[in-house]
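These notes concern the structure reproduced below.
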Amino acid sequence: MDQTINGRLPEREGGIDIQRIIFLVLKYWYFIVLSLVLGLTIAYLLNRYTVRIYPVSMTILIKDEPEKDNSIVDLLYNGRGFTPGKNYLNEEILLKSYPLIKKAVDSLDFSMSVWKEGDIKTTEIYPSPFTVSFDSLASNTTYGIKFKLKTIDQDYFELSEINRDSKFKKYKYGTYIELEGTKFKINKPKLSALVKGDIYEIRFVNNAAIAYSYTGRLNISWLQKGASILRLSVNGPTPAKEADFLMQLAKTYQRDDLSEKNESANRTIEFIDNQLQTIRDSLVTLETALQQFKELNYVTGLKDEAVRFYDEMENLSKEKAQLLIQKKYLDYLSDYVKDRNNYDQLTVPASFNVNSEVLTAQVQQLIDLQLKKNSLLRNSTDENPFIVEINQRINDVKKTLIETIFSLNASLNLALNSTNIEISRVEKQLSKLPKAEREYISLNRLFKLSEDLYLILMEKKAEASITQASNTSDIAIVNPPSIGGSVTPKTRQNYIFAIFLGLGIPIGLIVLIDLFNDKIKFKEDIEKYTTIPFMGVIGHNQKEQNLIVEAAPRSAISESFRSVRSNLNFFISDIPNKVILITSALSGEGKTFFSNNLALIHAFSGKKTVLIGADMRRPKILKDFDIREDIGLSDYLAGGASISEVVQTTRFENLHIINSGTVPPNPSELLLKPATKKLIDELKKVYDYVIIDSPPIGLVTDALILTSYADHTMYVVRQGFTPVATVKNIEEMHASGKFSGISIIFNDISVNKYGYSYGYSYGYGYGYGNGYGSGYYSEQESVKKPKWKFW
């Protein structure tokens, strides 16, 4: 039966045994079902009582730079408007800026929130069924206070202070209440909102804190690469409230964008109004003086030469007026740059016909740098290295701009001087005219100069007003806020996760326990580690009697001993008088139980059988038979008794017992004596079967000594008790030739790999399982083992 190859164990297939896992899962189905129910219950409670967070999103369009063709600004300014270019990279930062969000929150007034108390959780109600009015003459609202409100009927309610754990007090809707330094009244809600006995919690929170929370919760991203559409989203437990916030934020940003676009026109109109006031006063004075001159000096008309001088003077006056307006703008620009630190409100040169590309570029660069700095300052400080760099660039542009203004002023002064020289020349020519005509032309020239200035400024003001009226926001709402499915809890995902854990944890534990359990659990475990053939299996004995073949001769376990008796003939059928050695690896594996019943089953078959208790360290045979304990094997081996004295009869015909005898100090040395061989030889002459119950082979050497006298060795392995390592060890001993013949008895079987109890799988013929005698034996037991054991 030796199946080794060159002294080595044959290779065995490894991996996961699916059938084994399925059996364990089916065997402990109640544990898995309990875990699954527990997991689903937890998932249900989480889904039911966790605050639901909903995603709310909307999209807005950031318009690209508008087309100039045929636009009002293009017609008035030949393509030069008041609004500086837009930096689209700043839009995300601007929309998340605290000042903008605070402005949106203030317009919504989220400072009061109402929460309805439930049995387990408290949920915010929006829109609020209650409105609160504060007394403007009383002290300011104390933020952070909380009240509990209990509805009574349509006219009355009860209120208590949560912060002080006060009792409920009855109040009437619409009457002022003063609590914690705050005077307010709760207005009467709609009748449909009243449910008697409901308890609400009213909280007052500072809008600044709400705005700060939104700066962290608001998410902004471009809808797709290259698009000018932004997606605004925010998650919250009250989707209607979050939708109102997003819509209000978009509208606030629209208003701010339009206000910023109109700011340049507003500044231009303001500047023109200041100039018009001065010119208007001069124009009124000159008009009065000219009228008085006409009344005092009747002038019928001007001569041709005077008319020519008058027309020339009028043209020069118009030219001078244009130069004076440009000079006034340059003076304004110079003072603005020198005296201020914020340059995003500058008026561009094109507004006053200052046609200098260099100046226009420098002003625009200064505005852009200021806007970029303002964007960074919303989320940073002046110590930021980027802001320090921008400040340096602003200073450099300022210096260059002032130099450009100085240069342009010098050019304007030269032009004005030239114009004034021409005017002086014409005035000199006019001095040759009669006094009346000369004075009239002089007064009329001054009047026309003021009138031209006035008309030019009025034209510019009209242009700025039209531009202001035609401005539209570059922000357009594409899709209004929409509410998606809840983010948390993810109901479907939680149930799937619960099923996964409910099944995975118990199955994983079962597999891990089975994997790390180093005990032999099934016949297949033995076959995996050894080539030693099976002799048979012995079921679990639930009766109190150890001599089971006597107590229950028709039981399945008794039949298993008969099966072993039959299988033994296949191994040693040609030996007339047989010596059988029973051993195991450890104490407690059922050697004595097996030896006693095997000897008894042979005696019942009419074979003369002697059972030797060779375990002289821990004698056990005497517990099952009514025999003497003061004499036995040790006494014979020590020379203190004869064979006839140590062989004891029993109440069973054909069965004799040699007890282990007095416990000696040196059992192994006794077994090495020639008397051992002599005893075996003498017994073989008398008995058909000599069965030796030896000590555990894994603990002492006694069994190895006795193997030399045995015709066959039976190695007992107990289900759920014998370690795998001992089976590997006996395989090595078998491969090394220490046993002339050996087989394995699988003892104390409760269930096999496929879930059949012992009563349904009792026999093994020559190492192979057989027998499906379900219900065949009248005393067949229904074997039960503790369900927590994984074997």
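Ordering of the structure tokens sets the chain letters (A, B, ...), residue numbers begin anew at 1 in every chain, and ligands are numbered from 1 in the order given.
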Nearby residues (only C-alpha atoms) at most 9 Å from region 717-733 of chain A, same-chain spacing under 4 positions excluded, as a ChimeraX atom specification: /A:7-9,517-523,525-526,529-532,584-586,588-590,697-698,737-739,744-750,789-791
Put those residues in a file: C-alpha atoms, as an mmCIF file, in the first residue's frame.
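The resulting out.cif:
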```cif
data_model
loop_
_atom_site.group_PDB
_atom_site.id
_atom_site.type_symbol
_atom_site.label_atom_id
_atom_site.label_comp_id
_atom_site.auth_asym_id
_atom_site.auth_seq_id
_atom_site.Cartn_x
_atom_site.Cartn_y
_atom_site.Cartn_z
ATOM 1 C CA GLY A 7 10.661 8.546 -0.414
ATOM 2 C CA ARG A 8 8.652 11.707 -1.075
ATOM 3 C CA LEU A 9 4.979 12.375 -0.545
ATOM 4 C CA ASN A 517 -8.503 25.552 11.967
ATOM 5 C CA ASP A 518 -5.621 23.029 11.982
ATOM 6 C CA LYS A 519 -7.825 20.095 13.006
ATOM 7 C CA ILE A 520 -8.946 17.248 10.754
ATOM 8 C CA LYS A 521 -12.582 17.860 9.897
ATOM 9 C CA PHE A 522 -13.432 15.591 6.978
ATOM 10 C CA LYS A 523 -12.194 12.423 5.337
ATOM 11 C CA ASP A 525 -8.629 16.383 4.836
ATOM 12 C CA ILE A 526 -6.920 13.098 5.617
ATOM 13 C CA TYR A 529 -2.129 14.914 3.569
ATOM 14 C CA THR A 530 -1.555 11.162 3.522
ATOM 15 C CA THR A 531 -1.537 8.129 1.255
ATOM 16 C CA ILE A 532 -2.348 5.738 4.106
ATOM 17 C CA SER A 584 -3.065 7.509 17.621
ATOM 18 C CA ALA A 585 -1.161 10.757 17.822
ATOM 19 C CA LEU A 586 -2.594 12.183 21.039
ATOM 20 C CA GLY A 588 -8.262 11.584 23.805
ATOM 21 C CA GLU A 589 -8.683 10.449 20.199
ATOM 22 C CA GLY A 590 -10.692 7.337 21.160
ATOM 23 C CA ILE A 697 2.566 7.333 19.139
ATOM 24 C CA GLY A 698 3.097 11.082 19.030
ATOM 25 C CA GLY A 737 8.974 2.184 6.428
ATOM 26 C CA LYS A 738 8.489 2.234 10.198
ATOM 27 C CA PHE A 739 5.173 0.381 9.775
ATOM 28 C CA ILE A 744 -6.550 4.934 9.336
ATOM 29 C CA ILE A 745 -9.679 4.851 11.440
ATOM 30 C CA PHE A 746 -11.686 8.096 11.262
ATOM 31 C CA ASN A 747 -13.342 8.291 14.673
ATOM 32 C CA ASP A 748 -16.179 10.299 16.248
ATOM 33 C CA ILE A 749 -17.750 11.335 12.922
ATOM 34 C CA SER A 750 -20.805 13.614 13.169
ATOM 35 C CA LYS A 789 -18.320 23.867 15.848
ATOM 36 C CA PHE A 790 -16.978 23.991 12.308
ATOM 37 C CA TRP A 791 -16.609 20.219 11.789
#
```
DSSP strand (DSSP E) residues within region 612-687 of chain A, as a ChimeraX atom specification: /A:612-613,647-649,655-658
Can those selected residues be exported to a file as an mmCIF file, in the first residue's frame so that it contains N, CA, C and O atoms?
```cif
data_model
loop_
_atom_site.group_PDB
_atom_site.id
_atom_site.type_symbol
_atom_site.label_atom_id
_atom_site.label_comp_id
_atom_site.auth_asym_id
_atom_site.auth_seq_id
_atom_site.Cartn_x
_atom_site.Cartn_y
_atom_site.Cartn_z
ATOM 1 N N ILE A 612 -5.063 -6.422 24.875
ATOM 2 C CA ILE A 612 -3.952 -6.060 25.770
ATOM 3 C C ILE A 612 -3.962 -4.559 25.983
ATOM 4 O O ILE A 612 -3.922 -3.778 25.028
ATOM 5 N N GLY A 613 -3.988 -4.158 27.253
ATOM 6 C CA GLY A 613 -3.873 -2.746 27.588
ATOM 7 C C GLY A 613 -2.415 -2.366 27.709
ATOM 8 O O GLY A 613 -1.842 -2.447 28.807
ATOM 9 N N VAL A 647 -3.774 -12.999 32.173
ATOM 10 C CA VAL A 647 -4.918 -13.092 31.266
ATOM 11 C C VAL A 647 -6.183 -13.275 32.100
ATOM 12 O O VAL A 647 -6.299 -14.253 32.844
ATOM 13 N N GLN A 648 -7.117 -12.317 31.952
ATOM 14 C CA GLN A 648 -8.347 -12.331 32.736
ATOM 15 C C GLN A 648 -9.544 -12.565 31.817
ATOM 16 O O GLN A 648 -9.603 -12.070 30.690
ATOM 17 N N THR A 649 -10.480 -13.320 32.332
ATOM 18 C CA THR A 649 -11.701 -13.570 31.573
ATOM 19 C C THR A 649 -12.682 -12.416 31.788
ATOM 20 O O THR A 649 -12.575 -11.661 32.748
ATOM 21 N N LEU A 655 -13.744 -13.422 24.744
ATOM 22 C CA LEU A 655 -12.980 -12.184 24.954
ATOM 23 C C LEU A 655 -12.254 -12.247 26.283
ATOM 24 O O LEU A 655 -12.876 -12.398 27.349
ATOM 25 N N HIS A 656 -10.894 -12.200 26.199
ATOM 26 C CA HIS A 656 -10.055 -12.118 27.398
ATOM 27 C C HIS A 656 -9.310 -10.789 27.392
ATOM 28 O O HIS A 656 -9.099 -10.184 26.339
ATOM 29 N N ILE A 657 -8.894 -10.381 28.592
ATOM 30 C CA ILE A 657 -8.253 -9.067 28.762
ATOM 31 C C ILE A 657 -6.934 -9.238 29.492
ATOM 32 O O ILE A 657 -6.834 -10.005 30.462
ATOM 33 N N ILE A 658 -5.886 -8.559 29.010
ATOM 34 C CA ILE A 658 -4.655 -8.394 29.781
ATOM 35 C C ILE A 658 -4.575 -6.927 30.130
ATOM 36 O O ILE A 658 -4.355 -6.068 29.254
#
```
Nearby residues (only C-alpha atoms) at most 12 Å from region 482-492 of chain A, same-chain spacing under 6 positions excluded, as a ChimeraX atom specification: /A:40,42-59,231-244,246-247,498-499
Selected residue, from A:Met616, A:Leu401, A:Val388, A:Leu223, that lies nearest to Thr360 (chain A) when counting only C-alpha atoms: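 Of A:Met616, A:Leu401, A:Val388, A:Leu223, the one nearest Thr360 (chain A), counting only C-alpha atoms, is A:Leu401.
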